[in-house]
Every structure is written in structure tokens, then in C-alpha cells.
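Undergrad: You'll find coords29.csv just under this line, and it carries CSV, C-alpha atoms and all ligand atoms.
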chain,number,residue,atom,x,y,z
A,1,MET,CA,-28.7,20.4,-44.8
A,2,ALA,CA,-30.2,16.9,-45.5
A,3,GLU,CA,-33.7,18.2,-45.0
A,4,SER,CA,-35.2,19.8,-48.1
A,5,PRO,CA,-36.7,23.2,-47.4
A,6,PHE,CA,-39.3,22.7,-50.1
A,7,PRO,CA,-41.2,19.5,-49.3
A,8,ALA,CA,-43.0,17.8,-52.2
A,9,SER,CA,-46.6,18.8,-52.4
A,10,PRO,CA,-48.5,15.6,-53.6
A,11,ALA,CA,-51.3,17.9,-54.7
A,12,ASP,CA,-49.1,19.3,-57.4
A,13,PRO,CA,-48.3,16.7,-60.1
A,14,ARG,CA,-45.5,18.9,-61.5
A,15,GLN,CA,-43.6,18.5,-58.2
A,16,GLN,CA,-43.5,14.7,-58.8
A,17,ALA,CA,-41.4,15.0,-62.0
A,18,LEU,CA,-38.4,12.7,-61.9
A,19,LEU,CA,-35.8,15.5,-62.0
A,20,LEU,CA,-37.4,17.3,-59.1
A,21,ARG,CA,-37.5,14.2,-57.1
A,22,ALA,CA,-33.8,13.7,-57.8
A,23,CYS,CA,-33.1,17.4,-56.7
A,24,ARG,CA,-34.8,16.5,-53.4
A,25,ARG,CA,-32.7,13.3,-53.2
A,26,GLU,CA,-35.8,11.1,-53.2
A,27,PRO,CA,-35.6,7.6,-54.6
A,28,VAL,CA,-36.1,7.5,-58.4
A,29,GLU,CA,-36.8,4.6,-60.8
A,30,ARG,CA,-34.0,5.8,-63.1
A,31,THR,CA,-31.5,8.7,-63.3
A,32,PRO,CA,-32.9,11.8,-64.9
A,33,ILE,CA,-31.0,13.4,-67.8
A,34,TRP,CA,-30.9,16.7,-69.6
A,35,LEU,CA,-28.0,18.4,-71.3
A,36,MET,CA,-26.6,21.9,-71.0
A,37,ARG,CA,-26.9,23.6,-74.5
A,38,GLN,CA,-29.3,20.8,-75.6
A,39,ALA,CA,-30.8,23.2,-78.1
A,40,GLY,CA,-28.0,24.7,-80.2
A,41,ARG,CA,-26.0,24.7,-83.3
A,42,TYR,CA,-25.4,20.9,-83.3
A,43,LEU,CA,-29.1,20.5,-84.2
A,44,PRO,CA,-30.0,21.0,-87.9
A,45,GLU,CA,-33.5,22.3,-87.0
A,46,TYR,CA,-31.9,25.0,-84.8
A,47,ARG,CA,-29.5,26.0,-87.6
A,48,ALA,CA,-32.4,26.3,-90.0
A,49,ILE,CA,-34.2,28.7,-87.6
A,50,ARG,CA,-31.0,30.7,-87.1
A,51,GLU,CA,-30.6,31.2,-90.9
A,52,LYS,CA,-33.8,33.3,-90.6
A,53,VAL,CA,-33.5,34.9,-87.2
A,54,GLY,CA,-30.5,36.6,-85.4
A,55,PHE,CA,-29.6,35.0,-82.0
A,56,LEU,CA,-30.7,38.0,-79.8
A,57,GLU,CA,-33.8,38.4,-81.8
A,58,LEU,CA,-34.6,34.7,-81.3
A,59,CYS,CA,-34.1,35.2,-77.5
A,60,LYS,CA,-36.5,38.2,-77.6
A,61,THR,CA,-39.2,36.3,-79.4
A,62,PRO,CA,-40.8,34.1,-76.7
A,63,ARG,CA,-43.0,32.1,-79.1
A,64,LEU,CA,-40.0,31.1,-81.1
A,65,SER,CA,-37.7,30.5,-78.1
A,66,ALA,CA,-40.3,28.3,-76.5
A,67,GLU,CA,-40.8,26.4,-79.8
A,68,VAL,CA,-37.1,25.8,-80.1
A,69,MET,CA,-36.8,24.2,-76.6
A,70,ILE,CA,-40.1,22.3,-76.8
A,71,ALA,CA,-39.2,20.7,-80.1
A,72,THR,CA,-35.7,19.8,-78.7
A,73,VAL,CA,-37.1,18.2,-75.6
A,74,ASN,CA,-39.6,16.2,-77.7
A,75,ARG,CA,-36.9,15.1,-80.1
A,76,LEU,CA,-34.4,14.1,-77.5
A,77,GLY,CA,-36.7,12.7,-74.8
A,78,VAL,CA,-34.8,14.5,-72.0
A,79,ASP,CA,-36.2,15.0,-68.5
A,80,ALA,CA,-36.1,18.8,-68.3
A,81,ALA,CA,-36.4,21.9,-70.5
A,82,ILE,CA,-34.0,24.8,-69.8
A,83,ILE,CA,-35.5,28.0,-71.3
A,84,PHE,CA,-34.0,29.0,-74.6
A,85,SER,CA,-32.3,32.3,-73.7
A,86,ASP,CA,-28.8,33.4,-72.8
A,87,LEU,CA,-26.8,34.7,-69.9
A,88,LEU,CA,-26.1,38.1,-71.4
A,89,PRO,CA,-29.5,39.8,-72.3
A,90,LEU,CA,-29.8,40.6,-68.5
A,91,LEU,CA,-26.9,43.0,-68.9
A,92,GLU,CA,-28.7,45.2,-71.5
A,93,PRO,CA,-31.2,46.9,-69.1
A,94,MET,CA,-28.2,47.4,-66.7
A,95,GLY,CA,-26.7,49.7,-69.3
A,96,LEU,CA,-24.3,47.4,-71.2
A,97,ASP,CA,-24.4,47.6,-75.0
A,98,LEU,CA,-24.6,44.0,-76.1
A,99,GLU,CA,-24.2,42.5,-79.6
A,100,PHE,CA,-23.8,38.9,-80.8
A,101,THR,CA,-21.5,39.0,-83.8
A,102,ALA,CA,-21.5,36.1,-86.3
A,103,GLY,CA,-18.6,33.8,-85.5
A,104,GLU,CA,-17.1,35.9,-82.6
A,105,GLY,CA,-19.8,35.5,-80.0
A,106,PRO,CA,-20.9,38.2,-77.6
A,107,VAL,CA,-19.4,41.7,-77.7
A,108,ILE,CA,-20.1,44.5,-75.1
A,109,HIS,CA,-19.3,47.8,-76.7
A,110,ASN,CA,-19.0,49.8,-73.5
A,111,PRO,CA,-17.0,47.5,-71.1
A,112,VAL,CA,-16.3,48.3,-67.5
A,113,ARG,CA,-12.6,49.0,-67.3
A,114,GLU,CA,-12.1,51.6,-64.5
A,115,PRO,CA,-13.7,51.8,-61.1
A,116,ALA,CA,-15.6,54.9,-62.2
A,117,ASP,CA,-17.3,52.8,-64.9
A,118,VAL,CA,-19.2,50.8,-62.3
A,119,ALA,CA,-21.5,53.7,-61.6
A,120,ARG,CA,-23.0,53.3,-65.1
A,121,VAL,CA,-24.0,49.7,-64.4
A,122,HIS,CA,-27.6,50.3,-63.3
A,123,GLU,CA,-29.4,48.6,-60.5
A,124,LEU,CA,-32.2,46.5,-62.1
A,125,SER,CA,-35.3,47.5,-60.2
A,126,ASP,CA,-37.7,47.0,-63.1
A,127,LEU,CA,-37.6,43.7,-65.0
A,128,ASP,CA,-39.9,44.9,-67.8
A,129,ARG,CA,-37.0,45.1,-70.3
A,130,VAL,CA,-36.3,41.4,-69.8
A,131,GLY,CA,-40.0,40.6,-69.7
A,132,PHE,CA,-39.5,38.5,-72.9
A,133,VAL,CA,-37.6,36.0,-70.7
A,134,MET,CA,-40.6,35.6,-68.4
A,135,ASP,CA,-42.8,35.2,-71.4
A,136,THR,CA,-40.5,32.5,-72.7
A,137,VAL,CA,-40.7,30.7,-69.3
A,138,ALA,CA,-44.5,30.8,-69.5
A,139,ALA,CA,-44.8,29.7,-73.1
A,140,THR,CA,-42.3,26.9,-72.6
A,141,ARG,CA,-44.2,25.7,-69.5
A,142,ALA,CA,-47.5,25.8,-71.4
A,143,GLY,CA,-46.2,23.7,-74.2
A,144,LEU,CA,-44.8,20.7,-72.1
A,145,ASP,CA,-46.2,17.9,-70.1
A,146,ASP,CA,-46.2,18.2,-66.3
A,147,SER,CA,-43.5,15.5,-66.1
A,148,ILE,CA,-41.0,17.9,-67.7
A,149,PRO,CA,-39.8,20.7,-65.4
A,150,VAL,CA,-38.8,24.0,-66.8
A,151,ILE,CA,-35.5,25.3,-65.7
A,152,GLY,CA,-34.9,29.1,-65.5
A,153,PHE,CA,-31.3,30.4,-65.3
A,154,ALA,CA,-28.9,33.2,-64.9
A,155,GLY,CA,-25.2,33.9,-65.0
A,156,ALA,CA,-23.5,34.1,-61.7
A,157,PRO,CA,-21.9,37.4,-60.6
A,158,PHE,CA,-18.3,36.4,-61.4
A,159,THR,CA,-19.2,35.2,-64.9
A,160,LEU,CA,-21.4,38.2,-65.7
A,161,ALA,CA,-18.8,40.6,-64.3
A,162,GLY,CA,-16.2,38.9,-66.5
A,163,TYR,CA,-18.2,39.6,-69.7
A,164,CYS,CA,-18.8,43.3,-68.5
A,165,ILE,CA,-15.1,43.8,-67.9
A,166,GLU,CA,-13.6,41.9,-70.8
A,167,GLY,CA,-16.3,43.1,-73.3
A,168,GLY,CA,-16.6,39.6,-74.6
A,169,THR,CA,-15.3,36.1,-73.9
A,170,SER,CA,-11.8,35.3,-72.7
A,171,LYS,CA,-9.6,32.3,-72.1
A,172,ALA,CA,-7.8,33.6,-69.0
A,173,TRP,CA,-10.1,36.4,-67.8
A,174,THR,CA,-7.0,38.5,-67.1
A,175,LEU,CA,-8.7,41.9,-67.3
A,176,THR,CA,-11.4,40.6,-64.9
A,177,LYS,CA,-9.0,39.2,-62.4
A,178,SER,CA,-6.7,42.3,-62.5
A,179,PHE,CA,-9.7,44.6,-61.9
A,180,MET,CA,-10.7,42.4,-59.0
A,181,TYR,CA,-7.2,42.5,-57.4
A,182,ARG,CA,-6.5,46.2,-58.2
A,183,HIS,CA,-9.9,47.7,-57.4
A,184,GLU,CA,-11.5,45.5,-54.7
A,185,ALA,CA,-14.1,48.0,-53.5
A,186,ALA,CA,-15.3,48.7,-57.1
A,187,TRP,CA,-15.3,44.9,-57.8
A,188,HIS,CA,-17.6,44.3,-54.8
A,189,ASP,CA,-19.8,47.2,-55.9
A,190,LEU,CA,-20.1,45.8,-59.5
A,191,CYS,CA,-20.8,42.2,-58.2
A,192,GLY,CA,-23.3,43.5,-55.7
A,193,ARG,CA,-25.3,45.3,-58.5
A,194,ILE,CA,-25.2,42.1,-60.6
A,195,ALA,CA,-26.1,39.8,-57.7
A,196,ARG,CA,-29.2,41.9,-56.8
A,197,ALA,CA,-30.3,41.9,-60.4
A,198,VAL,CA,-29.7,38.1,-60.7
A,199,SER,CA,-31.6,37.5,-57.5
A,200,ARG,CA,-34.7,39.4,-58.8
A,201,TYR,CA,-34.4,37.8,-62.2
A,202,LEU,CA,-34.4,34.2,-60.9
A,203,VAL,CA,-37.4,34.9,-58.6
A,204,ALA,CA,-39.2,36.4,-61.6
A,205,GLN,CA,-38.6,33.3,-63.6
A,206,LEU,CA,-40.0,31.1,-60.8
A,207,ASP,CA,-43.0,33.5,-60.6
A,208,ALA,CA,-43.5,33.0,-64.4
A,209,GLY,CA,-43.7,29.2,-64.0
A,210,ALA,CA,-40.2,27.7,-63.8
A,211,GLN,CA,-39.9,24.8,-61.4
A,212,LEU,CA,-36.3,25.3,-60.6
A,213,VAL,CA,-33.3,27.5,-61.6
A,214,GLN,CA,-29.7,27.1,-62.5
A,215,LEU,CA,-26.9,29.6,-61.8
A,216,PHE,CA,-24.1,29.3,-64.3
A,217,ASP,CA,-20.7,30.3,-63.1
A,218,SER,CA,-19.1,29.1,-66.3
A,219,TRP,CA,-15.7,30.8,-66.0
A,220,VAL,CA,-15.1,31.1,-62.2
A,221,GLY,CA,-12.7,28.1,-62.4
A,222,CYS,CA,-9.9,30.5,-63.3
A,223,LEU,CA,-9.8,31.4,-59.6
A,224,GLY,CA,-8.4,29.5,-56.7
A,225,PRO,CA,-10.3,28.7,-53.5
A,226,ASP,CA,-9.0,31.6,-51.3
A,227,ASP,CA,-9.9,34.2,-54.0
A,228,TYR,CA,-13.3,32.5,-54.6
A,229,ARG,CA,-14.0,32.9,-50.9
A,230,ARG,CA,-12.9,36.5,-50.8
A,231,TYR,CA,-14.2,37.9,-54.1
A,232,VAL,CA,-17.0,35.7,-55.2
A,233,LEU,CA,-18.7,33.6,-52.6
A,234,PRO,CA,-20.7,36.4,-50.9
A,235,HIS,CA,-22.1,37.6,-54.2
A,236,SER,CA,-23.1,34.1,-55.5
A,237,ARG,CA,-24.7,33.5,-52.1
A,238,ALA,CA,-26.7,36.7,-52.4
A,239,ALA,CA,-27.7,35.9,-56.0
A,240,LEU,CA,-29.1,32.5,-55.0
A,241,ALA,CA,-30.7,33.0,-51.6
A,242,ALA,CA,-34.1,34.3,-52.6
A,243,ALA,CA,-34.7,31.6,-55.3
A,244,ALA,CA,-33.5,28.9,-52.9
A,245,GLU,CA,-36.2,29.6,-50.5
A,246,ARG,CA,-38.8,28.8,-53.1
A,247,ALA,CA,-37.4,26.0,-55.3
A,248,PRO,CA,-34.4,23.8,-56.1
A,249,VAL,CA,-31.4,25.7,-57.3
A,250,ILE,CA,-28.6,24.1,-59.4
A,251,HIS,CA,-25.3,25.8,-58.8
A,252,PHE,CA,-22.9,25.1,-61.6
A,253,ALA,CA,-19.2,26.0,-62.4
A,254,THR,CA,-16.5,24.5,-64.5
A,255,GLY,CA,-12.7,24.4,-64.5
A,256,ASN,CA,-11.5,23.9,-60.9
A,257,PRO,CA,-12.8,21.0,-58.8
A,258,ALA,CA,-11.1,22.6,-55.7
A,259,LEU,CA,-14.0,25.1,-55.7
A,260,LEU,CA,-16.7,22.5,-55.3
A,261,PRO,CA,-17.0,22.7,-51.4
A,262,LEU,CA,-17.1,26.5,-51.7
A,263,LEU,CA,-19.9,26.4,-54.3
A,264,ALA,CA,-21.8,24.2,-51.9
A,265,GLU,CA,-21.2,26.7,-49.2
A,266,ALA,CA,-22.4,29.5,-51.3
A,267,GLY,CA,-25.7,27.6,-51.9
A,268,GLY,CA,-27.6,25.4,-54.2
A,269,SER,CA,-29.6,22.2,-53.6
A,270,VAL,CA,-27.8,20.6,-56.5
A,271,ILE,CA,-24.1,21.2,-57.3
A,272,GLY,CA,-22.9,21.0,-60.9
A,273,ILE,CA,-19.6,19.0,-61.4
A,274,ASP,CA,-17.5,19.0,-64.5
A,275,TRP,CA,-15.4,16.2,-65.8
A,276,ARG,CA,-12.1,17.3,-64.3
A,277,ILE,CA,-12.9,15.2,-61.2
A,278,ASP,CA,-14.4,11.8,-61.0
A,279,LEU,CA,-18.1,12.1,-60.0
A,280,ASP,CA,-17.8,10.1,-56.8
A,281,ARG,CA,-14.8,12.2,-55.6
A,282,GLY,CA,-16.5,15.4,-56.5
A,283,TRP,CA,-19.7,14.4,-54.8
A,284,GLU,CA,-17.8,13.4,-51.7
A,285,THR,CA,-16.2,16.9,-51.4
A,286,VAL,CA,-19.7,18.5,-51.9
A,287,GLY,CA,-21.2,16.1,-49.4
A,288,PHE,CA,-23.4,13.1,-50.1
A,289,ASP,CA,-26.2,14.9,-48.4
A,290,ARG,CA,-26.5,17.2,-51.4
A,291,ALA,CA,-27.6,16.4,-54.9
A,292,VAL,CA,-25.2,16.7,-57.8
A,293,GLN,CA,-25.4,17.1,-61.6
A,294,GLY,CA,-22.9,15.9,-64.1
A,295,ASN,CA,-20.4,15.1,-65.4
A,296,LEU,CA,-19.7,13.5,-68.8
A,297,ASP,CA,-17.0,15.3,-70.8
A,298,PRO,CA,-18.9,16.9,-73.8
A,299,VAL,CA,-16.0,15.9,-76.0
A,300,VAL,CA,-17.0,12.2,-75.5
A,301,LEU,CA,-20.0,13.0,-77.7
A,302,LEU,CA,-17.6,13.7,-80.6
A,303,SER,CA,-16.5,10.0,-80.5
A,304,ASP,CA,-18.6,7.0,-81.5
A,305,ARG,CA,-21.6,5.3,-80.0
A,306,ASP,CA,-19.7,2.5,-78.2
A,307,THR,CA,-17.5,5.0,-76.5
A,308,VAL,CA,-20.5,7.2,-75.6
A,309,ARG,CA,-22.1,4.1,-74.0
A,310,ARG,CA,-19.0,3.1,-72.1
A,311,GLU,CA,-18.4,6.6,-70.7
A,312,ALA,CA,-22.0,7.1,-69.7
A,313,HIS,CA,-21.9,3.8,-67.8
A,314,ALA,CA,-18.7,4.9,-66.1
A,315,VAL,CA,-20.4,8.1,-64.8
A,316,LEU,CA,-23.4,6.0,-63.7
A,317,ALA,CA,-21.2,3.6,-61.9
A,318,ARG,CA,-19.5,6.4,-60.0
A,319,ALA,CA,-22.9,7.7,-59.0
A,320,ALA,CA,-23.5,4.2,-57.6
A,321,GLY,CA,-27.3,4.6,-57.3
A,322,ARG,CA,-27.0,7.1,-54.5
A,323,PRO,CA,-30.1,9.4,-54.3
A,324,GLY,CA,-29.7,12.8,-55.9
A,325,HIS,CA,-27.8,12.3,-59.2
A,326,ILE,CA,-28.9,14.3,-62.3
A,327,PHE,CA,-27.1,13.1,-65.4
A,328,ASN,CA,-25.7,15.9,-67.5
A,329,LEU,CA,-22.5,16.9,-69.3
A,330,GLY,CA,-19.8,18.7,-67.4
A,331,HIS,CA,-20.4,21.6,-69.8
A,332,GLY,CA,-22.5,22.4,-72.8
A,333,VAL,CA,-23.0,20.3,-76.0
A,334,LEU,CA,-20.3,21.3,-78.5
A,335,PRO,CA,-21.2,22.6,-82.0
A,336,GLY,CA,-20.5,19.7,-84.5
A,337,THR,CA,-21.7,17.0,-82.1
A,338,PRO,CA,-23.4,14.2,-84.0
A,339,VAL,CA,-27.1,14.1,-83.0
A,340,GLU,CA,-27.0,10.3,-83.0
A,341,ASN,CA,-24.4,10.3,-80.2
A,342,VAL,CA,-26.6,12.6,-78.2
A,343,LEU,CA,-29.5,10.2,-78.7
A,344,GLU,CA,-27.3,7.2,-77.8
A,345,LEU,CA,-26.3,8.9,-74.5
A,346,ILE,CA,-29.9,9.7,-73.6
A,347,ALA,CA,-31.0,6.1,-74.4
A,348,THR,CA,-28.1,4.7,-72.4
A,349,VAL,CA,-29.0,6.7,-69.3
A,350,LYS,CA,-32.7,6.0,-69.6
A,351,HIS,CA,-32.6,2.3,-70.6
A,352,GLY,CA,-29.1,1.0,-69.8
B,401,LIG,O1,-27.0,30.5,-82.6
B,401,LIG,C1,-26.0,30.9,-82.2
B,401,LIG,O2,-25.0,31.2,-82.9
B,401,LIG,C2,-25.9,31.2,-80.7
B,401,LIG,C3,-25.3,30.1,-80.0
B,401,LIG,C4,-25.8,30.2,-78.6
B,401,LIG,C5,-26.9,29.5,-78.1
B,401,LIG,C6,-27.7,28.4,-78.7
B,401,LIG,C7,-25.5,31.1,-77.6
B,401,LIG,C8,-24.5,32.2,-77.8
B,401,LIG,N1,-26.2,30.9,-76.5
B,401,LIG,C9,-27.1,29.9,-76.7
B,401,LIG,C10,-28.2,29.4,-75.9
B,401,LIG,C11,-27.9,29.3,-74.5
B,401,LIG,N2,-26.9,29.9,-73.8
B,401,LIG,C12,-28.7,28.6,-73.5
B,401,LIG,C13,-30.1,27.9,-73.9
B,401,LIG,C14,-30.3,26.6,-73.8
B,401,LIG,C15,-29.8,25.6,-74.8
B,401,LIG,O3,-29.1,26.0,-75.8
B,401,LIG,O4,-30.0,24.5,-74.6
B,401,LIG,C16,-28.1,28.7,-72.3
B,401,LIG,C17,-28.6,28.0,-71.0
B,401,LIG,C18,-27.0,29.5,-72.4
B,401,LIG,C19,-26.2,30.0,-71.4
B,401,LIG,C20,-24.9,30.6,-71.7
B,401,LIG,N3,-24.6,31.6,-72.6
B,401,LIG,C21,-23.7,30.3,-70.9
B,401,LIG,C22,-23.7,29.4,-69.8
B,401,LIG,C23,-23.5,28.0,-70.2
B,401,LIG,C24,-22.1,27.7,-70.6
B,401,LIG,O5,-21.9,27.3,-71.8
B,401,LIG,O6,-21.2,27.9,-69.8
B,401,LIG,C25,-22.7,31.1,-71.4
B,401,LIG,C26,-21.3,31.2,-71.0
B,401,LIG,C27,-23.2,31.9,-72.5
B,401,LIG,C28,-22.6,33.0,-73.2
B,401,LIG,C29,-22.6,32.8,-74.7
B,401,LIG,N4,-23.7,32.6,-75.4
B,401,LIG,C30,-23.5,32.4,-76.7
B,401,LIG,C31,-22.1,32.5,-76.9
B,401,LIG,C32,-21.3,32.3,-78.2
B,401,LIG,C33,-21.6,32.7,-75.6
B,401,LIG,C34,-20.1,32.9,-75.3
B,401,LIG,C35,-19.4,31.7,-74.8
B,401,LIG,C36,-18.0,32.1,-74.4
B,401,LIG,O7,-17.8,33.1,-73.7
B,401,LIG,O8,-17.1,31.5,-74.9
Here is the file; what I need is its structure written in the form of C-alpha cells.
TA:
Amino acid sequence: MAESPFPASPADPRQQALLLRACRREPVERTPIWLMRQAGRYLPEYRAIREKVGFLELCKTPRLSAEVMIATVNRLGVDAAIIFSDLLPLLEPMGLDLEFTAGEGPVIHNPVREPADVARVHELSDLDRVGFVMDTVAATRAGLDDSIPVIGFAGAPFTLAGYCIEGGTSKAWTLTKSFMYRHEAAWHDLCGRIARAVSRYLVAQLDAGAQLVQLFDSWVGCLGPDDYRRYVLPHSRAALAAAAERAPVIHFATGNPALLPLLAEAGGSVIGIDWRIDLDRGWETVGFDRAVQGNLDPVVLLSDRDTVRREAHAVLARAAGRPGHIFNLGHGVLPGTPVENVLELIATVKHG
């Protein structure tokens, strides 16, 4: 486990980026930082673009998507660019009818509610219909310095199955969990289809020029460990395996720190930790032989600059200079976050 399967190639300057060295748990001169949802509604420049272009249309216009992330990275001075895209466009070529409605977020007009519905979730053999994502990866890569890795990403099987079944977002994911308990064979069939699609999609993003990928299991924290092991772990493992042979993989979830050792078991060279557990304790359960990412509460960024500095130092103190810490929030930047607090956080992590 301690040995990295992807040794640094000194011939490739991109592999020497700070963030990639941290993924490999090599010594670094300072902790790298990037933020989930670093390009979003809290930025006035982003809101100005969104006044002219719908969200899905923006995702499907690689030149604009790349521009949004490149401008954000340059403005914030973060150490990585995640591609500007979303979890859900992958579901469209699989047969789900997706719309982003103003104010309400994603809606799937033909949700999976009965076991028989799983048959209309297509295997994704051909990635052409999400080719715009690979074009976004390539355009983002082309617009940034070698020192800034480009992160590709996908939703994890549980989280994507959740949107398919609920037909949108949810607080408790009750329809999803009851489908899982009532129709176990159909659940595994659905998650198998999604895991195979995600696996191909992550590899295609690496082929297009991403240096690493992140798997977002944003809502799996509504499960306990036994259910994670039975219903989720095999699918997340299958979704990650092919990408993990090629590049670092960040495996991220929120909501239930008791799942951390199981996330690590499913795979990922870096495990994402949210704020519901202290970073050092979370890291211990993951194993100090694995890199971790996290874990400032995004709500801290709704406070003031002194509090932001204090809380950032608290996270760094818990990381205690061990190799393999990537600074991030425990979840995405919230709309309404003052940009000056985001800049203060980044300056604190970079310069103390
Ligand atoms: O402009 C808008 O109104 C759209 C807001 C927005 C943005 C900026 C959405 C809608 N998605 C995104 C971008 C996005 N989404 C990125 C790009 C990088 C960045 O902004 O820096 C990434 C990585 C995501 C991933 C994503 N989408 C996740 C995983 C991360 C997380 O927050 O857990 C999830 C759950 C989604 C679904 C999604 N996308 C958007 C909405 C409103 C939702 C629903 C969230 C929910 O279910 O409550």
C-alpha cells in the first residue's frame, strides 16, 4: 500500500507538480490547496457568464468551460484545476432525461423507480456523446502551466444511482435506499451499469490529458458501514480500478466518517475527509500510509478573515506536516461565500 504504483517520471515536468507529489506522499515545501466547487456561483465573474448561458449549455461548450476554470485558477492561485463540468451529464447518453431548472437544481424526468426500469439505463460503450467533457479536459490542460494538474472527475455509483432513482436531489435518499433494500438484484444491476460507464469515462479523461481524477460519492454518507460494504463497495471499487492503474485517484465522500476505512478499501490513492471528524483521527482510520484531502467546513468561509485563518491553521496543525495532505474543504464552496474569505484561506495555507 505504501508503494506508489505510478512512480514519478522525472522526464515529465507535469508529474512534479506540488499536488501530484502530495498524492504520492513525497515531501513538499508547502501543503497544496484547491477547493471543491472553486468555480461557482460565489464568483461574480461566473454569475456574469451564467446570465448569458444555461448551466448544461456551459458544460457542453468546452471553450467556455475551460475558460471558466482557467480564469478561476489564475484568480485564486490554487494548485489544481478540476474541469468545469458536472456529475450528471454522463447520465444523458445512458438514457436519462436530464434538465437543470433555475433554482431547483437537477431534474431527471424519467427516474428509475421499479426493477424493470433498470433495463432502459443503457451501457455506455461509446463516449462520443460526452466527448465535450474530453474536449474540456484538453482545453483546460492547454491553457494552464505544467505546475497546475488538471483533475477529471465522475460521480460514484451510489451517488449517481441516487439521482437516477430520486429524479433529483434529496435530503435522506429514502427512495434510493428503499430501492436498494427491496430490489437488491436490480440495484446491483443498475450500479454495475453505472460503474462500467464511470470506469470508461475516467480513463477517457486521463487519455484526454487529466493528470488525476476524483470520484465524488457526495451522498453515500446516508448509509452505515455494513450497507456500504454490501451495496456500494464492489461498485465503487469497479469504477475506480482502471483509472487507479494509470494515475492518482481521489476518493471522496461526505456525511459519515465511519465509512472512511471502507472508502480506502474500495480504492483511491487519496481519501477525501469531511469536517465531521478531526483530520488526524480521520487520517488514522484511513491509514497514514495513504494520502488524504480535506477538511475545512465550508461554512467557515461564511465567517470573517480571522476565523478563516484560525480554522485553516487548526486543520494544518492536525495534518502535522505528515506527507500526503492536500488542503481542501470538506465539501464544496457554498453560494454566497465572500471571495475575500476564499482568498484569505488560500493565502493562509500557502504562506502561513
Ligand atoms: O450555475 C449554476 O447554477 C449551476 C451550479 C453548479 C455548478 C457551478 C452545478 C449544479 N454544478 C456546478 C459545477 C460542478 N459540479 C463542478 C465543477 C467545478 C467547480 O465548480 O469548481 C463539479 C466538480 C461538480 C460536481 C457535482 N455536481 C457534485 C459533486 C460535488 C458535490 O458538491 O458533492 C454534485 C453532487 C453535483 C450535482 C449538482 N450540480 C449542480 C447542482 C445544483 C447539483 C445538485 C446538488 C444537490 O444534489 O443538492
Undergrad: Can I get the residues close to ligand LIG 401 (chain B) as an NGL selection string, where close means within 8 Å and we count only C-alpha atoms and all ligand atoms?
TA: :A and (35-41 or 46-47 or 50 or 54-55 or 69 or 82-88 or 100 or 102-106 or 153-155 or 159 or 163 or 168-170 or 216-219 or 253-254 or 331-332)
Undergrad: Quick check, in Å to one decimal: how far apart do atom CA of A:Pro62 and atom CA of A:Cys164 lie?
TA: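 For atom CA of A:Pro62 relative to atom CA of A:Cys164, the distance reads 25.2 Å.
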Undergrad: Given the choices A:Arg230, A:Pro323, A:His109, A:Asn341, which gets closest to A:Glu29 if the distance is worked out from only C-alpha atoms?
TA: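 Comparing A:Arg230, A:Pro323, A:His109, A:Asn341 against A:Glu29, the winner is A:Pro323.
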Undergrad: Can you tell me how far atom CA of A:Glu67 sits from atom CA of A:Asp135, in Å to one decimal?
TA: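 It comes out at 12.3 Å.
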Undergrad: Could you check how far atom CA of A:Glu284 sits from atom CA of A:Ala172, in Å to one decimal?
TA: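 Rounded to one decimal, the two atoms are 28.4 Å apart.
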Undergrad: Let me make sure I understand: among A:Leu302, A:Met180, A:Ile250, A:Ala319, which one has the smallest atom-to-atom distance to A:Trp283 if we use all atoms listed in the file?
TA: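 So, comparing all the options, the nearest one is A:Ala319.
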Undergrad: For A:Asp289, which residue out of A:Val270, A:Val308, A:Leu96, A:Leu127 is the nearest one, using all atoms listed in the file?
TA: A:Val270
Undergrad: Can you check which parts of stretch 262-317 of chain A lie within 9 Å of stretch 14-23 of chain A? Per residue, the shortest pair of atoms and distance in Å to one decimal, counting only C-alpha atoms, sorted by chain and number, as CSV.
TA:
residue,atom,partner,partner_atom,distance
A:Ser269,CA,A:Cys23,CA,6.7
A:Val270,CA,A:Cys23,CA,6.2
A:Arg290,CA,A:Cys23,CA,8.5
A:Ala291,CA,A:Cys23,CA,5.9
A:Val292,CA,A:Cys23,CA,8.0
Undergrad: Write the residues of the preceding selection, restricted to C-alpha atoms, as a PDB file, in the coordinates of the input.
TA:
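Result file follows (part_25.pdb):
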ATOM      1  CA  SER A 269     -29.600  22.200 -53.600  1.00  0.00           C
ATOM      2  CA  VAL A 270     -27.800  20.600 -56.500  1.00  0.00           C
ATOM      3  CA  ARG A 290     -26.500  17.200 -51.400  1.00  0.00           C
ATOM      4  CA  ALA A 291     -27.600  16.400 -54.900  1.00  0.00           C
ATOM      5  CA  VAL A 292     -25.200  16.700 -57.800  1.00  0.00           C
TER       6      VAL A 292
END
Undergrad: Using all atoms listed in the file, tabulate the residues of stretch 103-191 of chain A lying at most 6 Å from any atom of stretch 205-209 of chain A, each with its closest atom pair and that distance in Å to one decimal, by chain and increasing residue number, as a tab-separated table.
TA:
residue	atom	partner	partner_atom	distance
A:Met134	CA	A:Ala208	CA	5.6
A:Ala138	CA	A:Ala208	CA	5.6
A:Gly152	CA	A:Gln205	CA	5.9
Undergrad: Using C-alpha atoms, can you export the residues from the last selection as a JSON list (two decimals), in the coordinates of the input?
TA:
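Output (part.json):
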[["chain", "number", "residue", "atom", "x", "y", "z"],
["A", 134, "MET", "CA", -40.60, 35.60, -68.40],
["A", 138, "ALA", "CA", -44.50, 30.80, -69.50],
["A", 152, "GLY", "CA", -34.90, 29.10, -65.50]]
Undergrad: Of the candidates A:Ala185, A:Ile194, A:Leu58, A:Ala156, which one gets nearest to A:Leu124 if we count all atoms listed in the file?
TA: A:Ile194
Undergrad: In terms of the shortest atom-to-atom distance over only C-alpha atoms, which of A:Arg113, A:Arg193, A:Arg237, A:Arg200 is closest to A:Ser178?
TA: A:Arg113
